[in-house]
>>> print(open('structure-v4.cif').read())   # mmCIF, C-alpha atoms
data_run
loop_
_atom_site.group_PDB
_atom_site.id
_atom_site.type_symbol
_atom_site.label_atom_id
_atom_site.label_comp_id
_atom_site.auth_asym_id
_atom_site.auth_seq_id
_atom_site.Cartn_x
_atom_site.Cartn_y
_atom_site.Cartn_z
ATOM 1 C CA MET A 7 91.185 99.898 125.246
ATOM 2 C CA THR A 8 93.058 98.153 128.053
ATOM 3 C CA THR A 9 92.641 101.187 130.297
ATOM 4 C CA VAL A 10 88.971 101.374 129.457
ATOM 5 C CA LEU A 11 88.426 97.699 130.185
ATOM 6 C CA VAL A 12 90.327 97.743 133.463
ATOM 7 C CA ALA A 13 88.594 100.943 134.552
ATOM 8 C CA GLY A 14 85.243 99.554 133.433
ATOM 9 C CA PHE A 15 85.634 96.627 135.792
ATOM 10 C CA ALA A 16 87.424 98.458 138.587
ATOM 11 C CA ILE A 17 85.622 101.759 139.190
ATOM 12 C CA SER A 18 82.791 102.114 141.647
ATOM 13 C CA ILE A 19 79.512 102.726 139.903
ATOM 14 C CA PRO A 20 76.245 104.039 141.337
ATOM 15 C CA ARG A 21 74.192 101.197 142.790
ATOM 16 C CA ILE A 22 71.129 100.690 140.656
ATOM 17 C CA PRO A 23 68.760 98.105 142.162
ATOM 18 C CA ILE A 24 67.537 96.488 138.965
ATOM 19 C CA LEU A 25 70.794 96.419 137.058
ATOM 20 C CA GLU A 26 73.199 95.922 139.966
ATOM 21 C CA GLU A 27 76.744 95.511 138.622
ATOM 22 C CA SER A 28 75.438 94.615 135.150
ATOM 23 C CA ALA A 29 75.144 98.383 134.566
ATOM 24 C CA ARG A 30 78.798 98.047 133.546
ATOM 25 C CA ASN A 31 77.547 96.436 130.344
ATOM 26 C CA LEU A 32 76.983 100.011 129.248
ATOM 27 C CA PHE A 33 80.734 100.051 128.484
ATOM 28 C CA LEU A 34 80.509 96.880 126.376
ATOM 29 C CA HIS A 35 77.046 96.354 124.888
ATOM 30 C CA VAL A 36 76.180 99.918 123.817
ATOM 31 C CA PRO A 37 79.517 100.640 122.054
ATOM 32 C CA MET A 38 78.820 97.596 119.855
ATOM 33 C CA TRP A 39 75.913 99.458 118.266
ATOM 34 C CA PHE A 40 77.853 102.719 117.915
ATOM 35 C CA THR A 41 80.656 100.782 116.243
ATOM 36 C CA MET A 42 78.259 98.903 113.984
ATOM 37 C CA MET A 43 76.638 102.162 112.871
ATOM 38 C CA THR A 44 80.043 103.711 112.222
ATOM 39 C CA MET A 45 81.164 100.790 110.059
ATOM 40 C CA PHE A 46 77.878 100.793 108.145
ATOM 41 C CA ALA A 47 78.370 104.529 107.590
ATOM 42 C CA VAL A 48 81.857 103.803 106.224
ATOM 43 C CA GLY A 49 80.323 101.158 103.949
ATOM 44 C CA PHE A 50 77.680 103.658 102.841
ATOM 45 C CA PHE A 51 80.374 106.230 102.026
ATOM 46 C CA PHE A 52 82.335 103.798 99.867
ATOM 47 C CA SER A 53 79.180 102.481 98.166
ATOM 48 C CA VAL A 54 78.249 106.028 97.140
ATOM 49 C CA LYS A 55 81.865 106.645 96.124
ATOM 50 C CA PHE A 56 81.795 103.520 93.976
ATOM 51 C CA LEU A 57 78.588 104.651 92.265
ATOM 52 C CA MET A 58 80.368 107.879 91.319
ATOM 53 C CA SER A 59 83.816 106.495 90.501
ATOM 54 C CA GLU A 60 83.064 102.898 89.336
ATOM 55 C CA ASN A 61 86.356 101.968 90.991
ATOM 56 C CA LEU A 62 86.186 98.370 92.240
ATOM 57 C CA ARG A 63 88.495 99.180 95.136
ATOM 58 C CA ASP A 64 85.680 101.293 96.619
ATOM 59 C CA ASP A 65 83.372 98.292 96.374
ATOM 60 C CA GLN A 66 85.955 96.179 98.213
ATOM 61 C CA LYS A 67 86.108 98.814 100.950
ATOM 62 C CA ALA A 68 82.298 98.976 101.206
ATOM 63 C CA SER A 69 81.933 95.216 101.582
ATOM 64 C CA ALA A 70 84.819 94.985 104.097
ATOM 65 C CA ALA A 71 83.329 97.751 106.253
ATOM 66 C CA THR A 72 79.873 96.151 106.091
ATOM 67 C CA MET A 73 81.333 92.782 107.093
ATOM 68 C CA VAL A 74 82.996 94.296 110.176
ATOM 69 C CA GLY A 75 79.751 96.156 110.955
ATOM 70 C CA ILE A 76 77.849 92.861 110.934
ATOM 71 C CA VAL A 77 80.393 91.312 113.328
ATOM 72 C CA PHE A 78 79.819 94.129 115.826
ATOM 73 C CA GLY A 79 76.061 93.926 115.280
ATOM 74 C CA VAL A 80 76.117 90.209 116.140
ATOM 75 C CA CYS A 81 78.134 91.084 119.269
ATOM 76 C CA GLY A 82 75.452 93.642 120.168
ATOM 77 C CA LEU A 83 72.601 91.178 119.668
ATOM 78 C CA LEU A 84 74.192 88.362 121.681
ATOM 79 C CA THR A 85 75.368 90.571 124.536
ATOM 80 C CA GLY A 86 71.956 92.259 124.630
ATOM 81 C CA SER A 87 70.247 88.882 124.780
ATOM 82 C CA LEU A 88 72.394 87.763 127.723
ATOM 83 C CA TRP A 89 71.857 91.049 129.551
ATOM 84 C CA ALA A 90 68.099 90.867 128.905
ATOM 85 C CA ARG A 91 67.881 87.357 130.384
ATOM 86 C CA PHE A 92 69.194 88.505 133.744
ATOM 87 C CA THR A 93 67.461 91.887 133.962
ATOM 88 C CA TRP A 94 64.250 91.459 131.979
ATOM 89 C CA GLY A 95 63.860 87.711 132.554
ATOM 90 C CA ALA A 96 63.996 86.348 128.987
ATOM 91 C CA TRP A 97 66.648 85.748 126.338
ATOM 92 C CA TRP A 98 64.494 87.365 123.673
ATOM 93 C CA ILE A 99 61.465 89.583 124.253
ATOM 94 C CA LEU A 100 59.181 89.511 121.252
ATOM 95 C CA SER A 101 57.333 92.655 122.323
ATOM 96 C CA GLU A 102 60.589 94.620 122.544
ATOM 97 C CA PRO A 103 60.816 96.636 119.301
ATOM 98 C CA LYS A 104 64.491 97.543 119.509
ATOM 99 C CA MET A 105 65.591 93.912 119.827
ATOM 100 C CA ASN A 106 63.453 92.780 116.916
ATOM 101 C CA LEU A 107 64.363 95.695 114.663
ATOM 102 C CA ALA A 108 68.072 95.284 115.453
ATOM 103 C CA ALA A 109 67.838 91.642 114.362
ATOM 104 C CA MET A 110 65.954 92.758 111.261
ATOM 105 C CA SER A 111 68.645 95.302 110.362
ATOM 106 C CA MET A 112 71.258 92.528 110.700
ATOM 107 C CA LEU A 113 69.272 90.433 108.229
ATOM 108 C CA LEU A 114 69.282 93.363 105.783
ATOM 109 C CA PHE A 115 73.081 93.241 105.722
ATOM 110 C CA VAL A 116 73.252 89.460 105.563
ATOM 111 C CA ALA A 117 71.079 89.861 102.453
ATOM 112 C CA TYR A 118 73.699 92.309 101.111
ATOM 113 C CA PHE A 119 76.298 89.524 101.089
ATOM 114 C CA LEU A 120 73.834 86.997 99.670
ATOM 115 C CA LEU A 121 73.063 89.475 96.887
ATOM 116 C CA ARG A 122 76.770 89.774 96.102
ATOM 117 C CA THR A 123 77.008 86.032 95.461
ATOM 118 C CA ALA A 124 74.303 86.268 92.792
ATOM 119 C CA PHE A 125 76.486 88.061 90.228
ATOM 120 C CA ASP A 126 79.603 86.784 88.480
ATOM 121 C CA ASP A 127 80.537 90.019 86.734
ATOM 122 C CA PRO A 128 82.460 92.166 89.262
ATOM 123 C CA LYS A 129 81.176 95.486 87.901
ATOM 124 C CA THR A 130 77.522 94.389 87.960
ATOM 125 C CA ARG A 131 77.946 92.875 91.410
ATOM 126 C CA ALA A 132 79.540 96.056 92.721
ATOM 127 C CA ARG A 133 76.913 98.343 91.186
ATOM 128 C CA ILE A 134 73.854 96.382 92.374
ATOM 129 C CA SER A 135 75.264 95.783 95.850
ATOM 130 C CA ALA A 136 76.246 99.448 96.208
ATOM 131 C CA ILE A 137 72.692 100.519 95.411
ATOM 132 C CA TYR A 138 71.336 97.942 97.857
ATOM 133 C CA ASN A 139 73.801 99.061 100.538
ATOM 134 C CA VAL A 140 72.681 102.685 100.213
ATOM 135 C CA PHE A 141 69.097 101.536 100.777
ATOM 136 C CA ALA A 142 70.049 99.260 103.710
ATOM 137 C CA VAL A 143 72.179 101.824 105.542
ATOM 138 C CA THR A 144 69.622 104.607 105.205
ATOM 139 C CA SER A 145 66.998 102.313 106.748
ATOM 140 C CA VAL A 146 69.130 101.554 109.849
ATOM 141 C CA PRO A 147 68.516 104.884 111.697
ATOM 142 C CA PHE A 148 64.783 104.348 111.271
ATOM 143 C CA LEU A 149 64.947 100.733 112.455
ATOM 144 C CA LEU A 150 67.212 101.336 115.442
ATOM 145 C CA TYR A 151 66.300 104.857 116.478
ATOM 146 C CA VAL A 152 63.173 106.442 115.015
ATOM 147 C CA ILE A 153 60.662 103.558 115.162
ATOM 148 C CA PRO A 154 61.687 102.147 118.599
ATOM 149 C CA ARG A 155 61.353 105.614 120.130
ATOM 150 C CA GLN A 156 57.715 105.758 119.047
ATOM 151 C CA LEU A 157 56.793 102.407 120.609
ATOM 152 C CA PRO A 158 56.595 101.122 124.191
ATOM 153 C CA SER A 159 59.974 99.583 124.984
ATOM 154 C CA LEU A 160 62.178 98.382 127.827
ATOM 155 C CA HIS A 161 65.134 100.268 126.356
ATOM 156 C CA PRO A 162 65.919 103.823 127.445
ATOM 157 C CA GLY A 163 64.779 106.565 125.139
ATOM 158 C CA ALA A 164 61.595 104.885 123.944
ATOM 159 C CA GLU A 165 58.056 106.185 124.279
ATOM 160 C CA GLY A 166 57.734 107.800 127.697
ATOM 161 C CA ASN A 167 61.095 106.451 128.916
ATOM 162 C CA PRO A 168 63.929 108.770 129.838
ATOM 163 C CA ALA A 169 66.682 108.911 127.237
ATOM 164 C CA PHE A 170 70.236 107.699 127.747
ATOM 165 C CA SER A 171 71.402 111.231 128.489
ATOM 166 C CA GLU A 172 68.905 111.549 131.366
ATOM 167 C CA ILE A 173 69.673 108.327 133.221
ATOM 168 C CA THR A 174 73.410 107.882 132.810
ATOM 169 C CA ALA A 175 75.502 108.961 135.775
ATOM 170 C CA PRO A 176 78.520 111.177 134.930
ATOM 171 C CA GLU A 177 81.082 108.657 136.201
ATOM 172 C CA LEU A 178 79.774 106.082 133.734
ATOM 173 C CA ARG A 179 80.314 108.490 130.872
ATOM 174 C CA TYR A 180 84.036 108.837 131.642
ATOM 175 C CA ILE A 181 84.399 105.165 130.677
ATOM 176 C CA PHE A 182 81.593 104.934 128.147
ATOM 177 C CA TYR A 183 82.796 107.510 125.620
ATOM 178 C CA PRO A 184 86.436 106.286 125.535
ATOM 179 C CA ALA A 185 85.045 102.730 125.181
ATOM 180 C CA VAL A 186 83.049 103.804 122.118
ATOM 181 C CA ILE A 187 86.158 105.396 120.578
ATOM 182 C CA GLY A 188 88.267 102.341 121.455
ATOM 183 C CA PHE A 189 85.863 99.851 119.890
ATOM 184 C CA ILE A 190 85.568 102.008 116.756
ATOM 185 C CA LEU A 191 89.373 101.981 116.456
ATOM 186 C CA VAL A 192 89.401 98.178 116.873
ATOM 187 C CA ALA A 193 86.764 98.017 114.123
ATOM 188 C CA MET A 194 88.878 100.214 111.838
ATOM 189 C CA TRP A 195 91.834 97.878 112.392
ATOM 190 C CA LEU A 196 89.670 94.846 111.566
ATOM 191 C CA PHE A 197 88.392 96.741 108.517
ATOM 192 C CA THR A 198 91.910 97.301 107.166
ATOM 193 C CA LEU A 199 92.838 93.652 107.849
ATOM 194 C CA THR A 200 89.708 92.408 106.079
ATOM 195 C CA LEU A 201 90.348 94.729 103.163
ATOM 196 C CA ARG A 202 93.976 93.623 102.766
ATOM 197 C CA VAL A 203 93.064 89.923 102.879
ATOM 198 C CA ARG A 204 90.273 90.493 100.366
ATOM 199 C CA ARG A 205 92.553 92.398 98.000
ATOM 200 C CA VAL A 206 95.163 89.626 98.090
ATOM 201 C CA ALA A 207 92.479 86.973 97.480
ATOM 202 C CA ASP A 208 90.962 88.973 94.604
ATOM 203 C CA ALA A 209 94.389 89.603 93.039
ATOM 204 C CA LEU A 210 95.144 85.877 93.213
ATOM 205 C CA ASP A 211 91.786 85.067 91.600
ATOM 206 C CA VAL A 212 92.530 87.477 88.729
ATOM 207 C CA HIS A 213 96.045 86.066 88.384
ATOM 208 C CA SER A 214 94.711 82.517 88.372
ATOM 209 C CA ASP A 215 92.043 83.370 85.771
ATOM 210 C CA ASN A 216 94.666 85.004 83.551
ATOM 211 C CA ALA A 217 96.951 81.963 83.880
ATOM 212 C CA HIS A 218 94.113 79.644 82.888
ATOM 213 C CA ALA A 219 93.228 81.852 79.914
ATOM 214 C CA HIS A 220 96.898 81.878 78.895
ATOM 215 C CA ASP A 221 97.105 78.060 79.144
ATOM 216 C CA GLU A 222 94.042 77.652 76.943
ATOM 217 C CA MET B 260 79.966 107.128 146.703
ATOM 218 C CA GLN B 261 76.619 108.816 146.409
ATOM 219 C CA GLN B 262 73.866 106.324 145.682
ATOM 220 C CA VAL B 263 72.149 107.352 142.481
ATOM 221 C CA ASP B 264 69.107 105.436 141.382
ATOM 222 C CA THR B 265 67.792 106.978 138.231
ATOM 223 C CA LEU B 266 66.274 103.835 136.788
ATOM 224 C CA THR B 267 63.947 102.334 139.371
ATOM 225 C CA ALA B 268 61.400 105.114 139.188
ATOM 226 C CA SER B 269 61.342 104.934 135.404
ATOM 227 C CA TYR B 270 61.469 101.200 134.935
ATOM 228 C CA GLY B 271 60.353 99.613 138.208
ATOM 229 C CA ASP B 272 57.026 98.463 136.833
ATOM 230 C CA LYS B 273 58.368 97.652 133.383
ATOM 231 C CA TRP B 274 61.336 95.426 134.110
ATOM 232 C CA ASP B 275 59.304 92.518 135.447
ATOM 233 C CA GLY B 276 62.199 90.190 134.702
ATOM 234 C CA VAL B 277 64.060 91.513 137.710
ATOM 235 C CA THR B 278 61.835 89.385 139.956
ATOM 236 C CA ALA B 279 63.232 86.287 138.307
ATOM 237 C CA THR B 280 66.804 87.163 139.118
ATOM 238 C CA THR B 281 68.506 88.683 142.107
ATOM 239 C CA GLY B 282 66.900 88.280 145.478
ATOM 240 C CA ASP B 283 63.885 86.319 144.365
ATOM 241 C CA PRO B 284 63.015 83.077 146.200
ATOM 242 C CA THR B 285 62.006 81.388 142.918
ATOM 243 C CA LEU B 286 65.653 81.628 141.876
ATOM 244 C CA GLU B 287 66.277 78.434 143.817
ATOM 245 C CA THR B 288 64.211 76.522 141.287
ATOM 246 C CA GLU B 289 66.271 77.841 138.361
ATOM 247 C CA SER B 290 69.150 75.931 136.747
ATOM 248 C CA ALA B 291 72.654 76.070 138.175
ATOM 249 C CA PHE B 292 73.723 78.279 135.254
ATOM 250 C CA VAL B 293 71.008 80.869 135.952
ATOM 251 C CA GLN B 294 71.763 80.793 139.664
ATOM 252 C CA MET B 295 75.471 81.274 139.005
ATOM 253 C CA MET B 296 74.883 84.139 136.558
ATOM 254 C CA SER B 297 72.473 85.835 138.955
ATOM 255 C CA SER B 298 74.874 85.688 141.870
ATOM 256 C CA ASN B 299 77.311 88.368 143.097
ATOM 257 C CA ASP B 300 75.196 91.359 142.080
ATOM 258 C CA LEU B 301 75.133 90.182 138.425
ATOM 259 C CA TRP B 302 78.934 90.419 138.044
ATOM 260 C CA PRO B 303 78.955 87.152 135.996
ATOM 261 C CA VAL B 304 76.675 88.835 133.434
ATOM 262 C CA VAL B 305 79.313 91.535 132.868
ATOM 263 C CA LEU B 306 81.965 88.844 132.511
ATOM 264 C CA GLY B 307 79.743 86.877 130.119
ATOM 265 C CA VAL B 308 79.106 89.947 127.961
ATOM 266 C CA SER B 309 82.817 90.769 127.716
ATOM 267 C CA LEU B 310 83.676 87.137 126.885
ATOM 268 C CA ILE B 311 81.033 87.029 124.126
ATOM 269 C CA ILE B 312 82.576 90.125 122.518
ATOM 270 C CA TRP B 313 86.163 88.904 122.720
ATOM 271 C CA PHE B 314 85.351 85.390 121.499
ATOM 272 C CA ILE B 315 83.454 86.740 118.474
ATOM 273 C CA LEU B 316 86.281 89.172 117.623
ATOM 274 C CA LEU B 317 88.836 86.371 118.108
ATOM 275 C CA PHE B 318 86.829 84.083 115.834
ATOM 276 C CA PHE B 319 86.722 86.829 113.193
ATOM 277 C CA VAL B 320 90.495 87.413 113.375
ATOM 278 C CA LEU B 321 91.176 83.653 113.166
ATOM 279 C CA ARG B 322 88.899 83.475 110.124
ATOM 280 C CA LEU B 323 90.949 86.235 108.474
ATOM 281 C CA GLU B 324 94.121 84.348 109.376
ATOM 282 C CA ARG B 325 92.757 81.193 107.690
ATOM 283 C CA ARG B 326 91.913 83.140 104.535
ATOM 284 C CA LEU B 327 95.404 84.610 104.536
ATOM 285 C CA GLN B 328 96.919 81.124 104.858
ATOM 286 C CA GLN B 329 94.810 79.982 101.896
ATOM 287 C CA ALA B 330 96.001 82.969 99.870
ATOM 288 C CA GLU B 331 99.620 82.226 100.778
ATOM 289 C CA ALA B 332 99.173 78.563 99.829
ATOM 290 C CA SER B 333 97.717 79.412 96.429
ATOM 291 C CA MET B 334 100.475 82.003 95.918
ATOM 292 C CA HIS B 335 103.108 79.326 96.597
ATOM 293 C CA ALA B 336 101.276 76.894 94.332
ATOM 294 C CA MET B 337 101.269 79.476 91.541
ATOM 295 C CA GLY B 338 104.945 80.163 92.117
ATOM 296 C CA ASP B 339 105.760 76.448 91.923
ATOM 297 C CA SER B 340 103.716 75.919 88.772
ATOM 298 C CA SER B 341 105.289 78.918 87.041
ATOM 299 C CA THR B 342 108.782 77.633 88.006
ATOM 300 C CA ASN B 343 107.933 74.169 86.675
ATOM 301 C CA SER B 344 106.571 75.546 83.422
ATOM 302 C CA THR B 345 109.692 77.684 83.009
ATOM 303 C CA ASN B 346 111.915 74.671 83.634
ATOM 304 C CA THR B 347 110.038 72.462 81.155
ATOM 305 C CA SER B 348 109.694 75.062 78.436
ATOM 306 C CA THR B 349 113.262 76.388 78.524
ATOM 307 C CA PRO B 350 115.584 73.668 79.833
ATOM 308 C CA SER B 351 118.587 75.358 78.239
ATOM 309 C CA ASP B 352 118.139 78.284 80.634
ATOM 310 C CA SER B 353 118.730 76.122 83.685
ATOM 311 C CA PRO B 354 122.103 76.541 85.437
ATOM 312 C CA SER B 355 122.878 72.812 85.145
ATOM 313 C CA SER B 356 122.969 73.019 81.375
#
>>> encode(input="structure-v4.cif", output="structure tokens")
Amino acid sequence: MTTVLVAGFAISIPRIPILEESARNLFLHVPMWFTMMTMFAVGFFFSVKFLMSENLRDDQKASAATMVGIVFGVCGLLTGSLWARFTWGAWWILSEPKMNLAAMSMLLFVAYFLLRTAFDDPKTRARISAIYNVFAVTSVPFLLYVIPRQLPSLHPGAEGNPAFSEITAPELRYIFYPAVIGFILVAMWLFTLTLRVRRVADALDVHSDNAHAHDE
Amino acid sequence: MQQVDTLTASYGDKWDGVTATTGDPTLETESAFVQMMSSNDLWPVVLGVSLIIWFILLFFVLRLERRLQQAEASMHAMGDSSTNSTNTSTPSDSPSS
């Protein structure tokens, strides 16, 4: 990651009149979405696994991965908003479908955590939230990829616009792809940390409940 | 380095916001923050984007650290209470007796 970051700031990039040096945000803003999608995919995998195994540890993994995915999604939204202000002229462009649908997909996953607070029984909570997560994750490709590509947009790859693969200079790719891998590895580390903290907290809750039951 | 401009032809008429940033005379009427961010070929925007990412990730790690501290505190509290209950329930087991 250090190499990627240093190289991302240090290399010469093709001069693009509209973007100027902010084209380097390709190494920072875009990997946020790749990382978010990866973590949501991990959450999806463990939600499906929970529905088959009914093992609560899979539910813990699904919620930890989704939490980390949301963190990277928020990074993507905020960095995109800043970049938009100084290239497109506004912090938020209401007619820009990808921005709006990205925010909407974030809200879907915020709702996932709100849903989890509605159930006291761990098994019920895990089952309902796993089903919801499967629905939420399968809707993300449509919200972030399929629908924006059909509508007029300022983002690359939308209706009539050239796709990322057509406009990205080769020298940018040498940094971009390692940056994506690096951020995904950072996300996996955060995922394991979140999972470990959650397991300790859950084990303490169970221990505390048992102690109270024993006292009574 | 070879100058490659693959975006202007595709986006020149779409990215109207560019007129409000670099090289536009109306920039002088913008706030000091906007003027600063728009300076130096938009380098401050790259810096701002990287700082947003690292501050959010730092906040998330610090939040995990706080939860871990809470877990450790309740673990110690449980350890203390179990020691106290052992001492009160079986005083004959204590080394002093």
>>> resolve_selection(input="structure-v4.cif", expression="the PyMOL selection byres ((chain B and resi 303) around 12)", output="list in words")
Phe15, Glu26, Glu27, Ser28, Ala29, Arg30, Asn31, Leu88, Trp89 and Phe92 of chain A; Phe292, Val293, Gln294, Met295, Met296, Ser297, Ser298, Asn299, Asp300, Leu301, Trp302, Val304, Val305, Leu306, Gly307, Val308, Ser309 and Leu310 of chain B
>>> closest_residue(input="structure-v4.cif", among="A:Leu114, A:Ala219, A:Met7, A:Leu25", to="chain B", atoms="all atoms listed in the file")
A:Leu25
>>> residues_around(input="structure-v4.cif", residues="A:Ile134", least_positions_apart="2", cutoff="10 Å", atoms="all atoms listed in the file", output="list in words")
Ser53, Leu57, Tyr118, Leu121, Arg122, Phe125, Lys129, Thr130, Arg131, Ala132, Ala136, Ile137, Tyr138 and Asn139 of chain A
>>> resolve_selection(input="structure-v4.cif", expression="the PyMOL selection byres ((chain A) within 6 of (chain B))", output="ChimeraX atom specification")
/A:20-22,26-28,31,81,85,93-95,173,207
>>> closest_residue(input="structure-v4.cif", among="A:Ala90, A:Ala109, A:Ala117, A:Ala193", to="A:Val48", atoms="only C-alpha atoms")
A:Ala193
>>> residues_around(input="structure-v4.cif", residues="stretch 178-191 of chain A", least_positions_apart="5", cutoff="8 Å", atoms="all atoms listed in the file", output="PyMOL selection string")
chain A and resi 7+10-11+13-14+19+32-34+37-38+40-41+44
>>> atom_distance(input="structure-v4.cif", atom1="atom CA of A:Phe115", atom2="atom CA of A:Phe56")
17.9 Å
>>> atom_distance(input="structure-v4.cif", atom1="atom CA of A:Leu157", atom2="atom CA of A:Thr144")
20.2 Å
>>> atom_distance(input="structure-v4.cif", atom1="atom CA of A:Phe197", atom2="atom CA of A:Ser69")
9.6 Å
>>> resolve_selection(input="structure-v4.cif", expression="the PyMOL selection byres ((chain A and resi 65) around 9)", output="PyMOL selection string")
chain A and resi 49+52-53+55-57+60-64+66-70+132-133+135-136
